[in-house]
Structures are given as C-alpha cells and as structure tokens.
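**Q** If it helps, the file is called data16.cif and holds mmCIF, N, CA, C and O atoms:
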```
data_work
loop_
_atom_site.label_atom_id
_atom_site.label_comp_id
_atom_site.auth_asym_id
_atom_site.auth_seq_id
_atom_site.Cartn_x
_atom_site.Cartn_y
_atom_site.Cartn_z
N MET P 10 19.66 0.44 -16.62
CA MET P 10 20.27 -0.79 -17.05
C MET P 10 21.46 -0.50 -17.96
O MET P 10 22.48 -1.17 -17.85
N ALA P 11 21.30 0.50 -18.81
CA ALA P 11 22.39 0.83 -19.74
C ALA P 11 23.63 1.29 -18.99
O ALA P 11 24.75 0.94 -19.37
N ILE P 12 23.45 2.05 -17.91
CA ILE P 12 24.59 2.54 -17.13
C ILE P 12 25.31 1.37 -16.47
O ILE P 12 26.54 1.30 -16.48
N ILE P 13 24.53 0.45 -15.90
CA ILE P 13 25.13 -0.73 -15.27
C ILE P 13 25.89 -1.55 -16.32
O ILE P 13 27.03 -1.95 -16.09
N GLN P 14 25.26 -1.78 -17.44
CA GLN P 14 25.88 -2.62 -18.47
C GLN P 14 27.13 -1.98 -19.06
O GLN P 14 28.04 -2.68 -19.50
N ALA P 15 27.22 -0.67 -19.06
CA ALA P 15 28.38 0.03 -19.63
C ALA P 15 29.57 0.05 -18.68
O ALA P 15 30.70 0.30 -19.10
N ASP P 16 29.34 -0.21 -17.41
CA ASP P 16 30.41 -0.15 -16.43
C ASP P 16 31.29 -1.39 -16.49
O ASP P 16 30.78 -2.50 -16.65
N PRO P 17 32.61 -1.23 -16.33
CA PRO P 17 33.48 -2.40 -16.36
C PRO P 17 33.24 -3.36 -15.17
O PRO P 17 33.58 -4.53 -15.24
N HIS P 18 32.65 -2.86 -14.10
CA HIS P 18 32.36 -3.68 -12.93
C HIS P 18 30.87 -3.99 -12.84
O HIS P 18 30.29 -4.05 -11.76
N LYS P 19 30.26 -4.21 -13.99
CA LYS P 19 28.80 -4.34 -14.06
C LYS P 19 28.24 -5.46 -13.20
O LYS P 19 27.19 -5.30 -12.59
N GLU P 20 28.92 -6.59 -13.11
CA GLU P 20 28.38 -7.70 -12.29
C GLU P 20 28.29 -7.29 -10.82
O GLU P 20 27.29 -7.54 -10.16
N ARG P 21 29.36 -6.68 -10.32
CA ARG P 21 29.38 -6.26 -8.91
C ARG P 21 28.34 -5.17 -8.65
O ARG P 21 27.61 -5.23 -7.67
N ILE P 22 28.26 -4.19 -9.51
CA ILE P 22 27.29 -3.10 -9.35
C ILE P 22 25.87 -3.64 -9.42
O ILE P 22 25.01 -3.28 -8.61
N ASP P 23 25.62 -4.53 -10.35
CA ASP P 23 24.30 -5.14 -10.49
C ASP P 23 23.92 -5.87 -9.21
O ASP P 23 22.80 -5.73 -8.70
N LYS P 24 24.87 -6.63 -8.65
CA LYS P 24 24.61 -7.36 -7.40
C LYS P 24 24.28 -6.41 -6.25
O LYS P 24 23.33 -6.62 -5.50
N ILE P 25 25.07 -5.36 -6.12
CA ILE P 25 24.89 -4.40 -5.02
C ILE P 25 23.54 -3.69 -5.14
O ILE P 25 22.79 -3.59 -4.17
N ILE P 26 23.23 -3.20 -6.32
CA ILE P 26 21.98 -2.48 -6.52
C ILE P 26 20.78 -3.42 -6.36
O ILE P 26 19.77 -3.05 -5.76
N THR P 27 20.90 -4.63 -6.86
CA THR P 27 19.82 -5.60 -6.71
C THR P 27 19.57 -5.90 -5.24
O THR P 27 18.42 -5.90 -4.78
N ARG P 28 20.63 -6.13 -4.47
CA ARG P 28 20.50 -6.42 -3.04
C ARG P 28 19.87 -5.23 -2.32
O ARG P 28 18.96 -5.38 -1.50
N TRP P 29 20.34 -4.01 -2.64
CA TRP P 29 19.78 -2.81 -2.01
C TRP P 29 18.30 -2.66 -2.32
O TRP P 29 17.50 -2.38 -1.44
N LEU P 30 17.92 -2.85 -3.59
CA LEU P 30 16.53 -2.70 -4.00
C LEU P 30 15.63 -3.71 -3.28
O LEU P 30 14.56 -3.35 -2.79
N LYS P 31 16.07 -4.95 -3.18
CA LYS P 31 15.29 -5.97 -2.49
C LYS P 31 15.08 -5.60 -1.01
O LYS P 31 13.96 -5.67 -0.50
N ARG P 32 16.15 -5.16 -0.36
CA ARG P 32 16.04 -4.77 1.06
C ARG P 32 15.14 -3.54 1.22
O ARG P 32 14.34 -3.47 2.15
N HIS P 33 15.29 -2.58 0.34
CA HIS P 33 14.48 -1.36 0.41
C HIS P 33 13.00 -1.68 0.24
O HIS P 33 12.15 -1.18 0.99
N LEU P 34 12.67 -2.51 -0.73
CA LEU P 34 11.28 -2.89 -0.95
C LEU P 34 10.72 -3.67 0.23
O LEU P 34 9.56 -3.51 0.60
N GLN P 35 11.54 -4.50 0.85
CA GLN P 35 11.09 -5.23 2.04
C GLN P 35 10.80 -4.27 3.17
O GLN P 35 9.80 -4.41 3.89
N ARG P 36 11.66 -3.26 3.37
CA ARG P 36 11.42 -2.27 4.42
C ARG P 36 10.15 -1.48 4.18
O ARG P 36 9.48 -1.06 5.11
N LEU P 37 9.83 -1.26 2.92
CA LEU P 37 8.60 -0.54 2.57
C LEU P 37 7.36 -1.42 2.77
O LEU P 37 6.24 -0.93 2.71
N GLY P 38 7.59 -2.70 2.99
CA GLY P 38 6.47 -3.61 3.17
C GLY P 38 5.89 -4.09 1.86
O GLY P 38 4.74 -4.52 1.80
N ALA P 39 6.68 -4.02 0.80
CA ALA P 39 6.20 -4.47 -0.51
C ALA P 39 5.94 -5.97 -0.47
O ALA P 39 6.80 -6.75 -0.11
N GLU P 40 4.73 -6.32 -0.82
CA GLU P 40 4.37 -7.73 -0.85
C GLU P 40 4.60 -8.27 -2.26
O GLU P 40 3.67 -8.59 -2.99
N VAL P 41 5.87 -8.33 -2.61
CA VAL P 41 6.25 -8.86 -3.91
C VAL P 41 7.25 -9.98 -3.69
O VAL P 41 8.02 -9.95 -2.74
N ASN P 42 7.23 -10.96 -4.55
CA ASN P 42 8.14 -12.08 -4.44
C ASN P 42 9.44 -11.74 -5.15
O ASN P 42 9.52 -11.78 -6.37
N LEU P 43 10.45 -11.41 -4.35
CA LEU P 43 11.74 -11.04 -4.92
C LEU P 43 12.80 -12.11 -4.67
O LEU P 43 13.97 -11.88 -4.92
N ASN P 44 12.38 -13.26 -4.18
CA ASN P 44 13.34 -14.32 -3.88
C ASN P 44 14.12 -14.76 -5.11
O ASN P 44 15.28 -15.13 -5.01
N GLN P 45 13.50 -14.76 -6.24
CA GLN P 45 14.15 -15.23 -7.47
C GLN P 45 14.90 -14.11 -8.19
O GLN P 45 15.56 -14.36 -9.18
N LEU P 46 14.81 -12.90 -7.69
CA LEU P 46 15.49 -11.77 -8.32
C LEU P 46 16.97 -11.79 -7.94
O LEU P 46 17.32 -11.61 -6.77
N ASN P 47 17.82 -12.01 -8.89
CA ASN P 47 19.26 -12.06 -8.64
C ASN P 47 20.01 -10.98 -9.41
O ASN P 47 21.15 -10.68 -9.09
N SER P 48 19.38 -10.42 -10.42
CA SER P 48 20.05 -9.43 -11.26
C SER P 48 19.02 -8.50 -11.88
O SER P 48 18.07 -8.95 -12.50
N LEU P 49 19.24 -7.21 -11.70
CA LEU P 49 18.34 -6.23 -12.33
C LEU P 49 18.46 -6.31 -13.84
O LEU P 49 17.47 -6.18 -14.56
N VAL P 50 19.65 -6.53 -14.32
CA VAL P 50 19.88 -6.58 -15.75
C VAL P 50 19.17 -7.79 -16.36
O VAL P 50 18.49 -7.67 -17.37
N GLU P 51 19.31 -8.95 -15.74
CA GLU P 51 18.74 -10.18 -16.30
C GLU P 51 17.26 -10.33 -16.00
O GLU P 51 16.52 -10.90 -16.80
N ASP P 52 16.83 -9.87 -14.84
CA ASP P 52 15.46 -10.12 -14.38
C ASP P 52 14.57 -8.88 -14.41
O ASP P 52 13.60 -8.79 -13.67
N LYS P 53 14.88 -7.93 -15.27
CA LYS P 53 14.14 -6.67 -15.26
C LYS P 53 12.65 -6.85 -15.56
O LYS P 53 11.82 -6.14 -15.02
N ASP P 54 12.30 -7.81 -16.42
CA ASP P 54 10.88 -8.03 -16.74
C ASP P 54 10.13 -8.57 -15.53
O ASP P 54 9.02 -8.13 -15.24
N MET P 55 10.73 -9.53 -14.81
CA MET P 55 10.11 -10.08 -13.61
C MET P 55 9.94 -8.98 -12.55
O MET P 55 8.90 -8.86 -11.92
N LEU P 56 10.98 -8.17 -12.38
CA LEU P 56 10.91 -7.07 -11.41
C LEU P 56 9.82 -6.09 -11.78
O LEU P 56 9.02 -5.68 -10.92
N ALA P 57 9.74 -5.72 -13.04
CA ALA P 57 8.71 -4.77 -13.48
C ALA P 57 7.32 -5.32 -13.22
O ALA P 57 6.43 -4.59 -12.75
N GLU P 58 7.11 -6.60 -13.49
CA GLU P 58 5.80 -7.21 -13.27
C GLU P 58 5.46 -7.24 -11.78
O GLU P 58 4.34 -6.89 -11.38
N ASN P 59 6.41 -7.62 -10.94
CA ASN P 59 6.18 -7.64 -9.50
C ASN P 59 5.88 -6.24 -8.96
O ASN P 59 4.97 -6.07 -8.14
N LEU P 60 6.62 -5.25 -9.42
CA LEU P 60 6.40 -3.88 -8.94
C LEU P 60 5.05 -3.35 -9.40
O LEU P 60 4.37 -2.64 -8.65
N GLU P 61 4.64 -3.69 -10.61
CA GLU P 61 3.33 -3.26 -11.10
C GLU P 61 2.21 -3.89 -10.27
O GLU P 61 1.25 -3.21 -9.90
N ASN P 62 2.35 -5.17 -9.96
CA ASN P 62 1.35 -5.85 -9.11
C ASN P 62 1.29 -5.21 -7.74
O ASN P 62 0.21 -4.99 -7.18
N TRP P 63 2.46 -4.90 -7.17
CA TRP P 63 2.50 -4.27 -5.85
C TRP P 63 1.85 -2.89 -5.89
O TRP P 63 1.07 -2.53 -5.01
N ALA P 64 2.16 -2.13 -6.93
CA ALA P 64 1.58 -0.79 -7.07
C ALA P 64 0.06 -0.87 -7.18
O ALA P 64 -0.66 -0.06 -6.58
N GLN P 65 -0.45 -1.83 -7.92
CA GLN P 65 -1.91 -2.00 -8.04
C GLN P 65 -2.53 -2.35 -6.69
O GLN P 65 -3.59 -1.83 -6.34
N GLN P 66 -1.87 -3.21 -5.93
CA GLN P 66 -2.37 -3.57 -4.61
C GLN P 66 -2.40 -2.34 -3.70
O GLN P 66 -3.37 -2.11 -2.97
N GLU P 67 -1.34 -1.55 -3.74
CA GLU P 67 -1.28 -0.34 -2.91
C GLU P 67 -2.35 0.66 -3.31
O GLU P 67 -2.95 1.30 -2.45
N ARG P 68 -2.60 0.81 -4.60
CA ARG P 68 -3.66 1.71 -5.05
C ARG P 68 -5.01 1.23 -4.53
O ARG P 68 -5.84 2.03 -4.09
N GLN P 69 -5.25 -0.07 -4.59
CA GLN P 69 -6.51 -0.63 -4.11
C GLN P 69 -6.69 -0.38 -2.62
O GLN P 69 -7.77 -0.01 -2.17
N VAL P 70 -5.62 -0.56 -1.85
CA VAL P 70 -5.68 -0.28 -0.41
C VAL P 70 -6.01 1.19 -0.17
O VAL P 70 -6.83 1.53 0.68
N GLY P 71 -5.39 2.07 -0.95
CA GLY P 71 -5.65 3.51 -0.82
C GLY P 71 -7.09 3.85 -1.14
O GLY P 71 -7.72 4.66 -0.45
N ILE P 72 -7.63 3.23 -2.17
CA ILE P 72 -9.03 3.46 -2.54
C ILE P 72 -9.95 3.01 -1.41
O ILE P 72 -10.89 3.72 -1.03
N GLN P 73 -9.68 1.84 -0.86
CA GLN P 73 -10.52 1.32 0.22
C GLN P 73 -10.45 2.21 1.46
O GLN P 73 -11.46 2.48 2.10
N GLU P 74 -9.25 2.69 1.79
CA GLU P 74 -9.10 3.58 2.94
C GLU P 74 -9.84 4.89 2.70
O GLU P 74 -10.48 5.43 3.60
N GLY P 75 -9.77 5.40 1.47
CA GLY P 75 -10.48 6.63 1.14
C GLY P 75 -11.99 6.46 1.24
O GLY P 75 -12.69 7.35 1.75
N GLU P 76 -12.49 5.33 0.77
CA GLU P 76 -13.92 5.06 0.87
C GLU P 76 -14.35 4.98 2.33
O GLU P 76 -15.38 5.54 2.71
N LYS P 77 -13.55 4.33 3.15
CA LYS P 77 -13.87 4.19 4.57
C LYS P 77 -13.91 5.57 5.24
O LYS P 77 -14.83 5.87 6.01
N LEU P 78 -12.93 6.42 4.91
CA LEU P 78 -12.92 7.77 5.48
C LEU P 78 -14.14 8.56 5.04
O LEU P 78 -14.73 9.31 5.84
N GLY P 79 -14.54 8.41 3.79
CA GLY P 79 -15.72 9.10 3.28
C GLY P 79 -16.99 8.65 3.98
O GLY P 79 -17.86 9.47 4.33
N ILE P 80 -17.10 7.36 4.22
CA ILE P 80 -18.27 6.82 4.92
C ILE P 80 -18.30 7.33 6.35
O ILE P 80 -19.36 7.73 6.86
N GLU P 81 -17.15 7.33 7.00
CA GLU P 81 -17.09 7.82 8.38
C GLU P 81 -17.45 9.31 8.44
O GLU P 81 -18.12 9.75 9.37
N LYS P 82 -17.00 10.07 7.47
CA LYS P 82 -17.32 11.50 7.43
C LYS P 82 -18.83 11.69 7.26
O LYS P 82 -19.44 12.54 7.92
N THR P 83 -19.43 10.90 6.40
CA THR P 83 -20.89 10.97 6.22
C THR P 83 -21.59 10.64 7.52
O THR P 83 -22.55 11.33 7.91
N ALA P 84 -21.14 9.60 8.21
CA ALA P 84 -21.75 9.22 9.48
C ALA P 84 -21.61 10.34 10.50
O ALA P 84 -22.56 10.66 11.23
N ARG P 85 -20.44 10.97 10.55
CA ARG P 85 -20.23 12.08 11.49
C ARG P 85 -21.20 13.23 11.18
O ARG P 85 -21.76 13.84 12.08
N ASN P 86 -21.36 13.52 9.89
CA ASN P 86 -22.28 14.59 9.50
C ASN P 86 -23.72 14.25 9.89
O ASN P 86 -24.46 15.12 10.35
N LEU P 87 -24.11 12.99 9.70
CA LEU P 87 -25.46 12.58 10.09
C LEU P 87 -25.63 12.66 11.61
O LEU P 87 -26.70 13.05 12.09
N LEU P 88 -24.58 12.31 12.34
CA LEU P 88 -24.65 12.41 13.80
C LEU P 88 -24.81 13.87 14.23
O LEU P 88 -25.58 14.16 15.16
N LYS P 89 -24.12 14.78 13.58
CA LYS P 89 -24.22 16.21 13.91
C LYS P 89 -25.63 16.74 13.70
O LYS P 89 -26.09 17.60 14.44
N LEU P 90 -26.30 16.21 12.68
CA LEU P 90 -27.67 16.65 12.43
C LEU P 90 -28.59 16.26 13.58
O LEU P 90 -29.57 16.96 13.85
N GLY P 91 -28.29 15.16 14.23
CA GLY P 91 -29.05 14.73 15.39
C GLY P 91 -30.46 14.25 15.09
O GLY P 91 -31.32 14.24 15.97
N VAL P 92 -30.73 13.87 13.86
CA VAL P 92 -32.08 13.47 13.46
C VAL P 92 -32.24 11.95 13.46
O VAL P 92 -33.29 11.43 13.81
N LEU P 93 -31.17 11.25 13.09
CA LEU P 93 -31.25 9.80 12.93
C LEU P 93 -30.67 9.07 14.14
O LEU P 93 -29.79 9.57 14.82
N SER P 94 -31.17 7.87 14.35
CA SER P 94 -30.62 7.02 15.41
C SER P 94 -29.33 6.36 14.91
O SER P 94 -29.05 6.35 13.71
N ASP P 95 -28.58 5.80 15.84
CA ASP P 95 -27.36 5.08 15.45
C ASP P 95 -27.69 3.94 14.49
O ASP P 95 -26.95 3.69 13.54
N GLU P 96 -28.80 3.27 14.73
CA GLU P 96 -29.20 2.15 13.88
C GLU P 96 -29.48 2.63 12.44
O GLU P 96 -29.08 1.99 11.48
N GLN P 97 -30.15 3.76 12.32
CA GLN P 97 -30.45 4.30 10.99
C GLN P 97 -29.17 4.74 10.27
O GLN P 97 -29.02 4.51 9.07
N ILE P 98 -28.25 5.34 11.02
CA ILE P 98 -26.98 5.77 10.43
C ILE P 98 -26.18 4.55 9.99
O ILE P 98 -25.58 4.54 8.91
N ALA P 99 -26.17 3.52 10.82
CA ALA P 99 -25.45 2.29 10.46
C ALA P 99 -26.03 1.69 9.19
O ALA P 99 -25.30 1.27 8.29
N GLU P 100 -27.35 1.67 9.09
CA GLU P 100 -27.99 1.12 7.91
C GLU P 100 -27.69 1.97 6.67
O GLU P 100 -27.42 1.45 5.59
N ALA P 101 -27.70 3.28 6.83
CA ALA P 101 -27.48 4.18 5.70
C ALA P 101 -26.04 4.14 5.19
O ALA P 101 -25.79 4.28 4.00
N THR P 102 -25.10 3.96 6.10
CA THR P 102 -23.68 4.03 5.72
C THR P 102 -23.03 2.67 5.52
O THR P 102 -21.98 2.58 4.90
N GLY P 103 -23.64 1.63 6.08
CA GLY P 103 -23.03 0.30 6.00
C GLY P 103 -22.03 0.06 7.12
O GLY P 103 -21.39 -0.98 7.15
N LEU P 104 -21.89 1.02 8.03
CA LEU P 104 -21.01 0.82 9.18
C LEU P 104 -21.68 -0.09 10.20
O LEU P 104 -22.91 -0.16 10.26
N ALA P 105 -20.88 -0.74 11.00
CA ALA P 105 -21.41 -1.54 12.09
C ALA P 105 -21.94 -0.59 13.16
O ALA P 105 -21.46 0.54 13.30
N LEU P 106 -22.91 -1.05 13.89
CA LEU P 106 -23.53 -0.22 14.92
C LEU P 106 -22.50 0.25 15.95
O LEU P 106 -22.53 1.41 16.37
N ASP P 107 -21.57 -0.62 16.33
CA ASP P 107 -20.55 -0.21 17.30
C ASP P 107 -19.61 0.86 16.74
O ASP P 107 -19.12 1.71 17.47
N GLU P 108 -19.39 0.86 15.42
CA GLU P 108 -18.58 1.90 14.80
C GLU P 108 -19.30 3.25 14.86
O GLU P 108 -18.67 4.28 15.13
N VAL P 109 -20.58 3.24 14.63
CA VAL P 109 -21.37 4.48 14.71
C VAL P 109 -21.36 4.99 16.15
O VAL P 109 -21.18 6.19 16.39
N ALA P 110 -21.53 4.09 17.10
CA ALA P 110 -21.51 4.49 18.52
C ALA P 110 -20.15 5.08 18.88
O ALA P 110 -20.08 6.08 19.62
N LYS P 111 -19.09 4.50 18.36
CA LYS P 111 -17.74 5.02 18.62
C LYS P 111 -17.59 6.43 18.03
O LYS P 111 -17.05 7.32 18.68
N LEU P 112 -18.10 6.64 16.82
CA LEU P 112 -18.03 7.97 16.20
C LEU P 112 -18.85 8.98 17.02
O LEU P 112 -18.46 10.13 17.16
N ARG P 113 -19.99 8.53 17.54
CA ARG P 113 -20.82 9.41 18.36
C ARG P 113 -20.05 9.83 19.62
O ARG P 113 -20.02 11.01 20.00
N THR P 114 -19.37 8.87 20.24
CA THR P 114 -18.59 9.15 21.44
C THR P 114 -17.44 10.11 21.14
O THR P 114 -17.18 11.04 21.89
N GLU P 115 -16.76 9.89 20.00
CA GLU P 115 -15.66 10.78 19.60
C GLU P 115 -16.18 12.20 19.35
O GLU P 115 -15.49 13.16 19.67
N GLY P 116 -17.37 12.33 18.81
CA GLY P 116 -17.94 13.64 18.53
C GLY P 116 -18.30 14.43 19.77
O GLY P 116 -18.40 15.65 19.74
N LYS P 117 -18.49 13.74 20.88
CA LYS P 117 -18.88 14.41 22.13
C LYS P 117 -17.68 14.94 22.89
O LYS P 117 -17.83 15.69 23.84
N ARG P 118 -16.48 14.56 22.49
CA ARG P 118 -15.28 15.03 23.19
C ARG P 118 -14.95 16.44 22.88
O ARG P 118 -15.17 17.06 21.97
#
```
How does this structure look as structure tokens?
**A**
Amino acid sequence: MAIIQADPHKERIDKIITRWLKRHLQRLGAEVNLNQLNSLVEDKDMLAENLENWAQQERQVGIQEGEKLGIEKTARNLLKLGVLSDEQIAEATGLALDEVAKLRTEGKR
C-alpha cells in the first residue's frame, strides 16, 4: 500500500492492481465477494477479511479431503486383510457400501 500511495500515478496503479487481483482470485475459484472492492488502498480491510474467510474455507476443504483419503486408505487396508465383509468395512469406516465395493474392485486391478 505504501508503494502505491507514494507513486505519483497512485490512482491508476491502484485501479490496475485491484482489477488484476480480482480477476486472479476469480480464476483461482476464490469464493469471496469482491464486487464492492474498488481500491486496494481504500478497501484493504474488506479485502483482508474476505481473503481470510476464503483461506479458512480452503483449509476446511483440505481437512475434509484429507480425512476422506485416510478413511479410504483404512478401508483398502481392511480389504487387503480379507477378514471383513464389505458391510463390516462400511460400518467401521463410515463409507457407503457402494464406495467399499468400488475400492474392492479397484484393488483387484
């Protein structure tokens, strides 16, 4: 912000960088409301709050994906043991029965 504000063409630079940032975040799939963002210099608090919310959402998605991968790995390991039925594995892992059957099929390839 200090660099932008120190430049003699600060309004133009602010507009260009703000427009680029909004487009870049949209391409990344950021689910943040940037419609009201017109200036990085003036709206920096709103931008920071939106980006923090987006980062928290992305972390939560990552955690959920990691948990799902861990559950699937556990199910694969149980399938390799060959002791439990698909129904028992589904009950133990919380996966749907068709998901366990799909993992069993993938393991046979």
**Q** Quick one: everything within 7 Å of range 11-27 of chain P, counting all atoms listed in the file, minus sequence neighbours fewer than 3 positions away in the same chain. Send it as JSON, numbers by chain.
**A** {"P": [30, 31, 32, 33, 46, 47, 48, 49, 50]}
**Q** So which one's closest to Glu76 in chain P, P:Gln45, P:Asn62, P:Thr114, P:Thr102? Using only C-alpha atoms, please.
**A**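 Checking each candidate against Glu76 in chain P, we get P:Thr102 as the closest.
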**Q** Could you state which residues are captured by the PyMOL selection byres (((chain P and resi 40 and name CA) around 10) and name CA) in this file, as a PyMOL selection string?
**A** chain P and resi 34-35+37-39+41-43+59-60+62-64+66-67
**Q** Please extract the residues of range 21-74 of chain P with a backbone DSSP assignment of helix (DSSP H, G or I) and present them as a VMD selection string.
**A** chain P and resid 21 to 36 53 to 74
**Q** May I have the residues from that selection written out with N, CA, C and O atoms, as a compact mmCIF listing (two decimals), in the frame of the given file?
**A**
```txt
# COMPACT_ATOMS: atom_id res chain seq x y z
N ARG P 21 29.36 -6.68 -10.32
CA ARG P 21 29.38 -6.26 -8.91
C ARG P 21 28.34 -5.17 -8.65
O ARG P 21 27.61 -5.23 -7.67
N ILE P 22 28.26 -4.19 -9.51
CA ILE P 22 27.29 -3.10 -9.35
C ILE P 22 25.87 -3.64 -9.42
O ILE P 22 25.01 -3.28 -8.61
N ASP P 23 25.62 -4.53 -10.35
CA ASP P 23 24.30 -5.14 -10.49
C ASP P 23 23.92 -5.87 -9.21
O ASP P 23 22.80 -5.73 -8.70
N LYS P 24 24.87 -6.63 -8.65
CA LYS P 24 24.61 -7.36 -7.40
C LYS P 24 24.28 -6.41 -6.25
O LYS P 24 23.33 -6.62 -5.50
N ILE P 25 25.07 -5.36 -6.12
CA ILE P 25 24.89 -4.40 -5.02
C ILE P 25 23.54 -3.69 -5.14
O ILE P 25 22.79 -3.59 -4.17
N ILE P 26 23.23 -3.20 -6.32
CA ILE P 26 21.98 -2.48 -6.52
C ILE P 26 20.78 -3.42 -6.36
O ILE P 26 19.77 -3.05 -5.76
N THR P 27 20.90 -4.63 -6.86
CA THR P 27 19.82 -5.60 -6.71
C THR P 27 19.57 -5.90 -5.24
O THR P 27 18.42 -5.90 -4.78
N ARG P 28 20.63 -6.13 -4.47
CA ARG P 28 20.50 -6.42 -3.04
C ARG P 28 19.87 -5.23 -2.32
O ARG P 28 18.96 -5.38 -1.50
N TRP P 29 20.34 -4.01 -2.64
CA TRP P 29 19.78 -2.81 -2.01
C TRP P 29 18.30 -2.66 -2.32
O TRP P 29 17.50 -2.38 -1.44
N LEU P 30 17.92 -2.85 -3.59
CA LEU P 30 16.53 -2.70 -4.00
C LEU P 30 15.63 -3.71 -3.28
O LEU P 30 14.56 -3.35 -2.79
N LYS P 31 16.07 -4.95 -3.18
CA LYS P 31 15.29 -5.97 -2.49
C LYS P 31 15.08 -5.60 -1.01
O LYS P 31 13.96 -5.67 -0.50
N ARG P 32 16.15 -5.16 -0.36
CA ARG P 32 16.04 -4.77 1.06
C ARG P 32 15.14 -3.54 1.22
O ARG P 32 14.34 -3.47 2.15
N HIS P 33 15.29 -2.58 0.34
CA HIS P 33 14.48 -1.36 0.41
C HIS P 33 13.00 -1.68 0.24
O HIS P 33 12.15 -1.18 0.99
N LEU P 34 12.67 -2.51 -0.73
CA LEU P 34 11.28 -2.89 -0.95
C LEU P 34 10.72 -3.67 0.23
O LEU P 34 9.56 -3.51 0.60
N GLN P 35 11.54 -4.50 0.85
CA GLN P 35 11.09 -5.23 2.04
C GLN P 35 10.80 -4.27 3.17
O GLN P 35 9.80 -4.41 3.89
N ARG P 36 11.66 -3.26 3.37
CA ARG P 36 11.42 -2.27 4.42
C ARG P 36 10.15 -1.48 4.18
O ARG P 36 9.48 -1.06 5.11
N LYS P 53 14.88 -7.93 -15.27
CA LYS P 53 14.14 -6.67 -15.26
C LYS P 53 12.65 -6.85 -15.56
O LYS P 53 11.82 -6.14 -15.02
N ASP P 54 12.30 -7.81 -16.42
CA ASP P 54 10.88 -8.03 -16.74
C ASP P 54 10.13 -8.57 -15.53
O ASP P 54 9.02 -8.13 -15.24
N MET P 55 10.73 -9.53 -14.81
CA MET P 55 10.11 -10.08 -13.61
C MET P 55 9.94 -8.98 -12.55
O MET P 55 8.90 -8.86 -11.92
N LEU P 56 10.98 -8.17 -12.38
CA LEU P 56 10.91 -7.07 -11.41
C LEU P 56 9.82 -6.09 -11.78
O LEU P 56 9.02 -5.68 -10.92
N ALA P 57 9.74 -5.72 -13.04
CA ALA P 57 8.71 -4.77 -13.48
C ALA P 57 7.32 -5.32 -13.22
O ALA P 57 6.43 -4.59 -12.75
N GLU P 58 7.11 -6.60 -13.49
CA GLU P 58 5.80 -7.21 -13.27
C GLU P 58 5.46 -7.24 -11.78
O GLU P 58 4.34 -6.89 -11.38
N ASN P 59 6.41 -7.62 -10.94
CA ASN P 59 6.18 -7.64 -9.50
C ASN P 59 5.88 -6.24 -8.96
O ASN P 59 4.97 -6.07 -8.14
N LEU P 60 6.62 -5.25 -9.42
CA LEU P 60 6.40 -3.88 -8.94
C LEU P 60 5.05 -3.35 -9.40
O LEU P 60 4.37 -2.64 -8.65
N GLU P 61 4.64 -3.69 -10.61
CA GLU P 61 3.33 -3.26 -11.10
C GLU P 61 2.21 -3.89 -10.27
O GLU P 61 1.25 -3.21 -9.90
N ASN P 62 2.35 -5.17 -9.96
CA ASN P 62 1.35 -5.85 -9.11
C ASN P 62 1.29 -5.21 -7.74
O ASN P 62 0.21 -4.99 -7.18
N TRP P 63 2.46 -4.90 -7.17
CA TRP P 63 2.50 -4.27 -5.85
C TRP P 63 1.85 -2.89 -5.89
O TRP P 63 1.07 -2.53 -5.01
N ALA P 64 2.16 -2.13 -6.93
CA ALA P 64 1.58 -0.79 -7.07
C ALA P 64 0.06 -0.87 -7.18
O ALA P 64 -0.66 -0.06 -6.58
N GLN P 65 -0.45 -1.83 -7.92
CA GLN P 65 -1.91 -2.00 -8.04
C GLN P 65 -2.53 -2.35 -6.69
O GLN P 65 -3.59 -1.83 -6.34
N GLN P 66 -1.87 -3.21 -5.93
CA GLN P 66 -2.37 -3.57 -4.61
C GLN P 66 -2.40 -2.34 -3.70
O GLN P 66 -3.37 -2.11 -2.97
N GLU P 67 -1.34 -1.55 -3.74
CA GLU P 67 -1.28 -0.34 -2.91
C GLU P 67 -2.35 0.66 -3.31
O GLU P 67 -2.95 1.30 -2.45
N ARG P 68 -2.60 0.81 -4.60
CA ARG P 68 -3.66 1.71 -5.05
C ARG P 68 -5.01 1.23 -4.53
O ARG P 68 -5.84 2.03 -4.09
N GLN P 69 -5.25 -0.07 -4.59
CA GLN P 69 -6.51 -0.63 -4.11
C GLN P 69 -6.69 -0.38 -2.62
O GLN P 69 -7.77 -0.01 -2.17
N VAL P 70 -5.62 -0.56 -1.85
CA VAL P 70 -5.68 -0.28 -0.41
C VAL P 70 -6.01 1.19 -0.17
O VAL P 70 -6.83 1.53 0.68
N GLY P 71 -5.39 2.07 -0.95
CA GLY P 71 -5.65 3.51 -0.82
C GLY P 71 -7.09 3.85 -1.14
O GLY P 71 -7.72 4.66 -0.45
N ILE P 72 -7.63 3.23 -2.17
CA ILE P 72 -9.03 3.46 -2.54
C ILE P 72 -9.95 3.01 -1.41
O ILE P 72 -10.89 3.72 -1.03
N GLN P 73 -9.68 1.84 -0.86
CA GLN P 73 -10.52 1.32 0.22
C GLN P 73 -10.45 2.21 1.46
O GLN P 73 -11.46 2.48 2.10
N GLU P 74 -9.25 2.69 1.79
CA GLU P 74 -9.10 3.58 2.94
C GLU P 74 -9.84 4.89 2.70
O GLU P 74 -10.48 5.43 3.60
```
**Q** Can you give me, as a list of chain:residue names, the residues this file yields under the PyMOL selection byres ((chain P and resi 109) around 8)?
**A**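 Evaluating the PyMOL selection byres ((chain P and resi 109) around 8) on these coordinates yields P:Ala84, P:Arg85, P:Leu88, P:Ser94, P:Asp95, P:Glu96, P:Ile98, P:Ala99, P:Leu104, P:Ala105, P:Leu106, P:Asp107, P:Glu108, P:Ala110, P:Lys111, P:Leu112, P:Arg113, P:Thr114, P:Glu115, P:Gly116.
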**Q** Around all the atoms of range 49-68 of chain P listed in the file, draw an axis-aligned box and extend it by 8 Å on each of the six sides; I want its centre and edge lengths in Å to one decimal, as AutoDock Vina command-line options.
**A**
```
--center_x 7.0 --center_y -4.4 --center_z -9.9 --size_x 41.7 --size_y 28.9 --size_z 30.9
```
**Q** Rounded to one decimal, what separation in Å do you get between atom N of Gly103 in chain P and CA of Arg68 in chain P?
**A**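 So the two atoms, atom N of Gly103 in chain P and CA of Arg68 in chain P, lie 22.9 Å apart.
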**Q** Which residue is closest to Leu87 in chain P? Choose from P:Ala101, P:Arg28, P:Arg36, P:Glu74 and count only C-alpha atoms.
**A**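 Nearest to Leu87 in chain P: P:Ala101.
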**Q** Have a look at atom N of Lys89 in chain P and atom N of Val70 in chain P and let me know their distance in Å, one decimal.
**A** 28.6 Å
**Q** What is the atom C of Met10 in chain P to atom O of Gln65 in chain P distance in Å?
**A**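 Atom O of Gln65 in chain P lies 27.6 Å from atom C of Met10 in chain P.
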